[in-house]
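Note sheet for the following structure.
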Amino acid sequence: MFQFFENEKKYTQFFLSVSLAALIMSFFHIISLPFDIAWIAILLCGIPIIKGAVTGLVTEFDIKADVLVSIALVASVIIGEIFAAGEVAFIMAVGAYLEERTVSKARAGIEKLVHLTPATARIVRDGEEIIVPAEQVKIADTIRVLAGETIAVDGIIIKGQTSINQSVMTGESLPVDKGEGDEVYSGTVNQFGTFLMSARKVGEDSSLQRMIRLVESADAGKAKIVGLADRWATWIVVIALAAALGTWLITGEILRAVTILVVFCPCALVLATPTAIMAGIGNATKHGILIKEGDALERLSKVKRIAFDKTGTLTLGKPSVVQIVSFSEDYDENKLLELAATAELQSEHPLGKAIVSGYRHKTGHSPLDADFFELLPGQGIIAAVGGKTVLAGNDTLFFNQKVPILNSLKEAALKTKAEGCTIIYLAAEGKALGFIALSDTLRQDAKTTITAIHKVGVQSVLLTGDALEAANHMSQIAGINERKADCLPEDKLTAILEYQKNGEPVCMVGDGINDAPALKAAQVGIAMGGIGSDIAIDAADIALTSDDIKEIPHLLRLSKKTMGTIHINLAASMLLNFIAIILAITGILNPILGALVHNAGSVAVIINSSLLLKWRKS
């Protein structure tokens with residue numbers, strides 16, 4: 001604010017310590033010098049303030065709080081109140097220092113990201129390992145990562161198994177087991193074992209660098225209400241000068257006029273918003289939420305409705321086995337799943353992989369390999385398992401292979417399909433056995449999250465490209481108020497604009513490229529920062545680094561709490577200024593007491609804002 005911090009932090013603390021010592025010696029007359037030792041505080045703390053005020057006036061005609069502070073300093077010196085001038089300069093500097101400490105503390109958690117980028121990577125080329133700077137890693141390079149090392153770029157494990165500490169990216173408290181084919185992210189730490197990985201996203205495209213860019217874009221100065229405080233500060237400078245001049249002319253006491261200038265400094269008013277905004281951003285970061293725009297919290301506090309995309313947002317974005325239905329006496333559900341997993345083991349199709357994964361999860365071991373495997377695009381697969389010909393696919397596959405499906409089996413499948421599931425029919429030796437239903441499953445905490453959102457006073461709506469039956473089913477089990485199905489990107493955008501036209505500011509939560517227009521148009525856009533597309537993240541105001549929507553209710557409450565803190569700060573600042581001015585006009589306050597009273601308000605504002613850093617409603 002006062003351009004005080006041009007030196008390193010340690011020098012700032014040294015200057016403040018020297019200035020405090022000088023003021024104490026001046027007040028108690030501890031040392032006898034040809035000049036008042038309080039001049040040391042004026043020079044060390046006051047010069048940067050005056051320099052900033054003059055620079056702002058000359059270059060931009062920017063009349064802000066430092067102008068009034070500078071006038072108060074000069075006026076105090078002119079009338080011989082050297083100690084008062086030194087005290088004003090010192091307390092203003094202390095207020096700025098406390099603000100800086102609050103802001104730096106609020107950003108400490110996210111600024112750690114910058115230091116997490118490893119300097120080097122172990123690249124394996126032609127069987128030899130070479131260590132190169134991390135920025136020189138290229139896509140498709142093979143990288144060896146040892147135990148305890150930080151992963152340099154995003155990639156896929158191609159050999160080895162390990163556990164990864166992903167807390168910096170996802171907030172997970174426990175390491176995550178990883179094996180061949182699993183993704184790993186830059187900035188995360190390899191806990192155990194050595195593995196080889198193939199680089200997929202390098203340099204500025206890596207997850208860590210992307211998160212750093214989001215952090216760097218968080219700027220409290222963008223909040224609209226900050227501009228309001230600045231405009232007030234400008235008017236206060238003018239009013240303060242007029243009040244001081246009028247008091248001087250009426251009473252003839254220049255001391256009262258100088259005191260008015262001291263107490264009228266709008267420091268607390270200007271500090272009220274940025275300290276609260278940055279503390280709110282720091283709080284959000286601790287919960288895996290990166291806020292890109294400073295005014296996002298202000299806009300979020302006014303939201304009346306929150307819109308969710310389905311796939312990858314309310315759901316996990318990956319198909320999984322949700323139901324096994326057998327119509328054969330020879331195959332119960334377990335045997336039917338084993339048959340399907342064996343047949344699909346060689347499949348590269350996501351649904352086939354989901355069946356194999358479901359079998360592994362249920363039994364704890366992998367299925368046997370099929371004797372024969374053939375993929376029929378758009379239909380399914382044909383495999384030989386235990387000497388039997390097995391079909392797994394849709395009704396088109398069964399029609400082409402002349403395998404009849406019983407009407408009762410079809411009816412059961414259609415009922416399940418109406419709930420948003422994908423059906424894989426199974427047959428062996430020309431006889432239909434049943435089906436396996438797969439679905440993109442709802443996140444475990446989705447329903448409790450939606451309930452908590454409603455308690456905040458925000459209504460919910462589902463915007464999805466799925467069919468109406470699937471949208472109705474998903475919204476019902478999640479507890480969402482409204483749903484709009486068969487939505488193309490422009491349909492989501494139109495829905496957002498329609499709500500907002502009717503006076504319902506919307507917060508949009510999405511993860512895909514198709515959500516980008518809605519994220520951009522909404523009052524506030526929230527993107528799933530981990531699995532979300534780069535375009536969606538760029539279009540959003542806020543990113544969830546952990547891809548976990550359970551923190552959204554806290555974010556909504558935090559936005560309201562932050563704005564409440566700002567309003568309290570502003571009201572208290574104005575009230576304190578008003579009382580101090582009356583006391584100064586009546587002569588009760590002198591410049592020294594005026595500086596103490598006024599700056600007590602600045603310190604109180606900073607302390608009140610800093611309480612947001614650890615705030616969370618139970």
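If you're wondering about the labels, chains in the structure tokens are A, B, ... by order shown, residues count from 1 in each chain, ligands from 1 in order shown.
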
Leaving out A:His349 and any residue of its chain fewer than 6 positions from it, which residues lie within 10 Å of it when counting only C-alpha atoms, given as a PDB file with C-alpha atoms, in the first residue's frame?
ATOM      1  CA  LEU A 375     -12.800 -57.608 -31.441  1.00  0.00           C
ATOM      2  CA  PRO A 377     -15.863 -52.794 -33.710  1.00  0.00           C
ATOM      3  CA  GLY A 380     -18.420 -56.477 -29.007  1.00  0.00           C
ATOM      4  CA  ILE A 381     -16.056 -59.430 -28.842  1.00  0.00           C
TER       5      ILE A 381
END

Stretch 400-618 of chain A: which residues are helix (DSSP H, G or I) by DSSP, as a ChimeraX atom specification?
/A:400,407-417,446-455,468-478,489-501,513-521,534-539,549-585,591-614

Across A:Thr315, A:Ser475, A:Thr142, A:Thr389, the smallest distance to A:Val403, with only C-alpha atoms counted, is shown by A:Thr389

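Shortest atom-to-atom contact with A:Ala343 among A:Asp369, A:Tyr359, A:Ala75, A:Tyr425: A:Asp369, counting only C-alpha atoms.
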
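Ranking A:Leu314, A:Met508, A:Val270, A:Ile588 by their shortest atom-to-atom distance to A:Ile477, with only C-alpha atoms included, puts A:Leu314 first.
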
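Closest approach to A:Thr451 among A:Ile480, A:Ala595, A:Leu576, A:Ala152: A:Ile480, based on only C-alpha atoms.
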
Would you list the contacts of A:Asp445 as a PDB file with N, CA and C atoms, in the first residue's frame, taking every protein, DNA or RNA residue within 10 Å and counting only C-alpha atoms, but skipping same-chain residues closer than 5 positions in sequence?
ATOM      1  N   LEU A 314     -20.261 -34.827 -11.243  1.00  0.00           N
ATOM      2  CA  LEU A 314     -21.050 -35.534 -10.229  1.00  0.00           C
ATOM      3  C   LEU A 314     -20.657 -37.002 -10.168  1.00  0.00           C
ATOM      4  N   ILE A 450     -24.626 -32.190  -2.208  1.00  0.00           N
ATOM      5  CA  ILE A 450     -25.798 -31.460  -2.709  1.00  0.00           C
ATOM      6  C   ILE A 450     -26.679 -31.017  -1.542  1.00  0.00           C
ATOM      7  N   ALA A 478     -28.991 -38.193  -6.531  1.00  0.00           N
ATOM      8  CA  ALA A 478     -28.081 -37.167  -6.004  1.00  0.00           C
ATOM      9  C   ALA A 478     -28.824 -36.116  -5.190  1.00  0.00           C
ATOM     10  N   ASP A 548     -12.598 -33.055  -6.252  1.00  0.00           N
ATOM     11  CA  ASP A 548     -13.508 -33.495  -5.198  1.00  0.00           C
ATOM     12  C   ASP A 548     -14.520 -32.394  -4.929  1.00  0.00           C
ATOM     13  N   ILE A 549     -15.788 -32.659  -5.251  1.00  0.00           N
ATOM     14  CA  ILE A 549     -16.810 -31.623  -5.113  1.00  0.00           C
ATOM     15  C   ILE A 549     -17.263 -31.424  -3.679  1.00  0.00           C
ATOM     16  N   LYS A 550     -16.777 -32.269  -2.740  1.00  0.00           N
ATOM     17  CA  LYS A 550     -17.267 -32.173  -1.364  1.00  0.00           C
ATOM     18  C   LYS A 550     -16.869 -30.865  -0.692  1.00  0.00           C
TER      19      LYS A 550
END

Neighbours of A:Leu558 within 9 Å (only C-alpha atoms; same-chain residues fewer than 4 positions away dropped), as a list in words?
Gly280, Asn283, Ala284, Leu297, Ser301, Pro553, His554, Thr562, Met563, Leu612, Trp615, Arg616 and Lys617 of chain A

- Task: Could you pull out the residues in stretch 123-293 of chain A that DSSP calls strand (DSSP E) from the backbone, as a ChimeraX atom specification?
- Result: /A:123-125,128-133,142-145,154-159,162-165,176-178,183-184,189-190,195-201,289-291

Would you mind exporting C-alpha atoms of the selected residues as a PDB file, in the first residue's frame?
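That gives us again.pdb:
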ATOM      1  CA  ILE A 123      16.034 -39.965 -18.807  1.00  0.00           C
ATOM      2  CA  VAL A 124      16.733 -43.498 -20.092  1.00  0.00           C
ATOM      3  CA  ARG A 125      17.994 -43.552 -23.700  1.00  0.00           C
ATOM      4  CA  GLU A 128      21.721 -45.598 -20.509  1.00  0.00           C
ATOM      5  CA  GLU A 129      20.540 -43.170 -17.838  1.00  0.00           C
ATOM      6  CA  ILE A 130      21.342 -39.474 -18.173  1.00  0.00           C
ATOM      7  CA  ILE A 131      20.341 -36.629 -15.891  1.00  0.00           C
ATOM      8  CA  VAL A 132      18.984 -33.558 -17.689  1.00  0.00           C
ATOM      9  CA  PRO A 133      17.245 -30.327 -16.565  1.00  0.00           C
ATOM     10  CA  THR A 142      11.373 -42.607 -20.797  1.00  0.00           C
ATOM     11  CA  ILE A 143      12.096 -41.425 -17.258  1.00  0.00           C
ATOM     12  CA  ARG A 144      13.327 -43.419 -14.291  1.00  0.00           C
ATOM     13  CA  VAL A 145      12.058 -42.258 -10.900  1.00  0.00           C
ATOM     14  CA  ASP A 154       3.145 -35.866 -16.121  1.00  0.00           C
ATOM     15  CA  GLY A 155       3.234 -39.341 -17.602  1.00  0.00           C
ATOM     16  CA  ILE A 156       2.231 -43.007 -17.620  1.00  0.00           C
ATOM     17  CA  ILE A 157       4.003 -45.777 -15.704  1.00  0.00           C
ATOM     18  CA  ILE A 158       5.354 -48.316 -18.196  1.00  0.00           C
ATOM     19  CA  LYS A 159       7.274 -50.561 -15.795  1.00  0.00           C
ATOM     20  CA  THR A 162       4.975 -47.936  -6.380  1.00  0.00           C
ATOM     21  CA  SER A 163       3.013 -45.662  -4.084  1.00  0.00           C
ATOM     22  CA  ILE A 164       2.783 -41.952  -4.830  1.00  0.00           C
ATOM     23  CA  ASN A 165       2.239 -39.134  -2.361  1.00  0.00           C
ATOM     24  CA  VAL A 176      -1.851 -43.945  -3.767  1.00  0.00           C
ATOM     25  CA  ASP A 177      -0.755 -47.291  -5.205  1.00  0.00           C
ATOM     26  CA  LYS A 178       0.303 -47.081  -8.851  1.00  0.00           C
ATOM     27  CA  GLU A 183      -0.992 -41.800 -14.561  1.00  0.00           C
ATOM     28  CA  VAL A 184       1.479 -39.898 -12.403  1.00  0.00           C
ATOM     29  CA  VAL A 189       6.575 -37.781  -4.680  1.00  0.00           C
ATOM     30  CA  ASN A 190       7.524 -41.407  -5.334  1.00  0.00           C
ATOM     31  CA  PHE A 195       9.614 -47.241 -11.856  1.00  0.00           C
ATOM     32  CA  LEU A 196       9.873 -46.202 -15.480  1.00  0.00           C
ATOM     33  CA  MET A 197       7.412 -43.753 -16.956  1.00  0.00           C
ATOM     34  CA  SER A 198       6.693 -42.290 -20.361  1.00  0.00           C
ATOM     35  CA  ALA A 199       6.383 -38.504 -20.435  1.00  0.00           C
ATOM     36  CA  ARG A 200       2.977 -37.238 -21.607  1.00  0.00           C
ATOM     37  CA  LYS A 201       2.782 -33.572 -20.516  1.00  0.00           C
ATOM     38  CA  ILE A 289      -9.384 -25.020  -4.165  1.00  0.00           C
ATOM     39  CA  LEU A 290      -7.425 -22.632  -6.384  1.00  0.00           C
ATOM     40  CA  ILE A 291      -9.113 -19.267  -6.938  1.00  0.00           C
TER      41      ILE A 291
END

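Residues in contact range of A:Cys507, defined as at most 8 Å between only C-alpha atoms, with sequence neighbours fewer than 6 positions away removed, read Leu300, Val303, Arg305, Ile306, Ala307, Ala522, Gln523, Val524, Gly525 and Ile526 of chain A.
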
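Here the question is which of A:Thr396, A:Ser460, A:Gln346, A:Gln161 gets nearest to A:Tyr499 using only C-alpha atoms, and that residue is A:Ser460.
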
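Among the candidates A:Arg483, A:Glu504, A:Leu589, A:Ala540, the one nearest to A:Ala516 when counting only C-alpha atoms is A:Ala540.
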
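By only C-alpha atoms, and with residues fewer than 2 positions from A:Leu414 along its chain excluded, the set lying at most 12 Å from it is Asp395, Asn407, Ser408, Leu409, Lys410, Glu411, Ala412, Thr416, Lys417, Ala418, Glu419, Gly420, Cys421, Thr422, Ile423, Ile424, Tyr425, Phe435, Ala437 and Glu469 of chain A.
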
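For the atom pair formed by atom CA of A:Pro367 and atom CA of A:Gly317, the distance is 24.4 Å, given to one decimal.
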
From atom CA of A:Ile324 to atom CA of A:Ser439 the spacing works out at 12.0 Å

Within 9 Å of stretch 257-264 of chain A, counting only C-alpha atoms, which residues qualify if same-chain residues fewer than 5 places away don't, as a compact mmCIF listing (two decimals) with C-alpha atoms, in the first residue's frame?
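File selection30.txt, as written:
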# COMPACT_ATOMS: atom_id res chain seq x y z
CA LEU A 68 -2.96 12.05 3.35
CA VAL A 69 -0.37 10.22 5.45
CA ILE A 71 0.61 15.50 4.45
CA ALA A 72 0.10 14.50 8.10
CA LEU A 73 3.80 13.66 8.41
CA ALA A 75 2.47 18.99 8.89
CA SER A 76 3.56 17.34 12.14
CA ILE A 79 4.69 22.42 13.80
CA VAL A 88 2.67 8.16 12.55
CA ILE A 236 -11.70 10.89 2.25
CA VAL A 237 -8.41 12.62 1.32
CA ILE A 239 -12.75 15.71 2.95
CA ALA A 240 -9.87 15.39 5.42
CA LEU A 241 -8.05 18.35 3.90
CA ALA A 243 -12.03 19.47 7.58
CA ALA A 244 -8.47 20.21 8.72
CA LEU A 245 -8.41 23.57 6.96
CA GLY A 246 -11.87 24.51 8.32
CA THR A 247 -10.88 23.55 11.89
CA TRP A 248 -7.68 25.58 11.62
CA LEU A 576 -13.64 4.64 14.08
CA ASN A 577 -12.69 7.46 11.71
CA PHE A 578 -15.90 9.33 12.50
CA ALA A 580 -11.71 10.06 16.00
CA ILE A 581 -12.50 13.12 13.87
CA ILE A 582 -14.99 14.45 16.44
CA LEU A 583 -12.43 13.95 19.19
CA ALA A 584 -9.77 15.70 17.10
CA ILE A 585 -12.00 18.68 16.26
CA GLY A 587 -9.19 18.99 20.87
CA LEU A 589 -6.98 13.98 20.68
CA ASN A 590 -3.52 15.28 19.88
CA PRO A 591 -1.46 13.98 16.94
CA ILE A 592 0.24 11.30 19.04
CA LEU A 593 -2.98 9.88 20.49
CA GLY A 594 -4.66 10.32 17.11
CA ALA A 595 -2.05 8.12 15.43
CA LEU A 596 -2.49 5.46 18.09
CA VAL A 597 -6.29 5.44 17.84
CA HIS A 598 -6.31 5.47 14.06
CA ASN A 599 -3.75 2.73 13.57

Atom pair atom CA of A:Ala85 + atom CA of A:Ile606, distance 22.8 Å
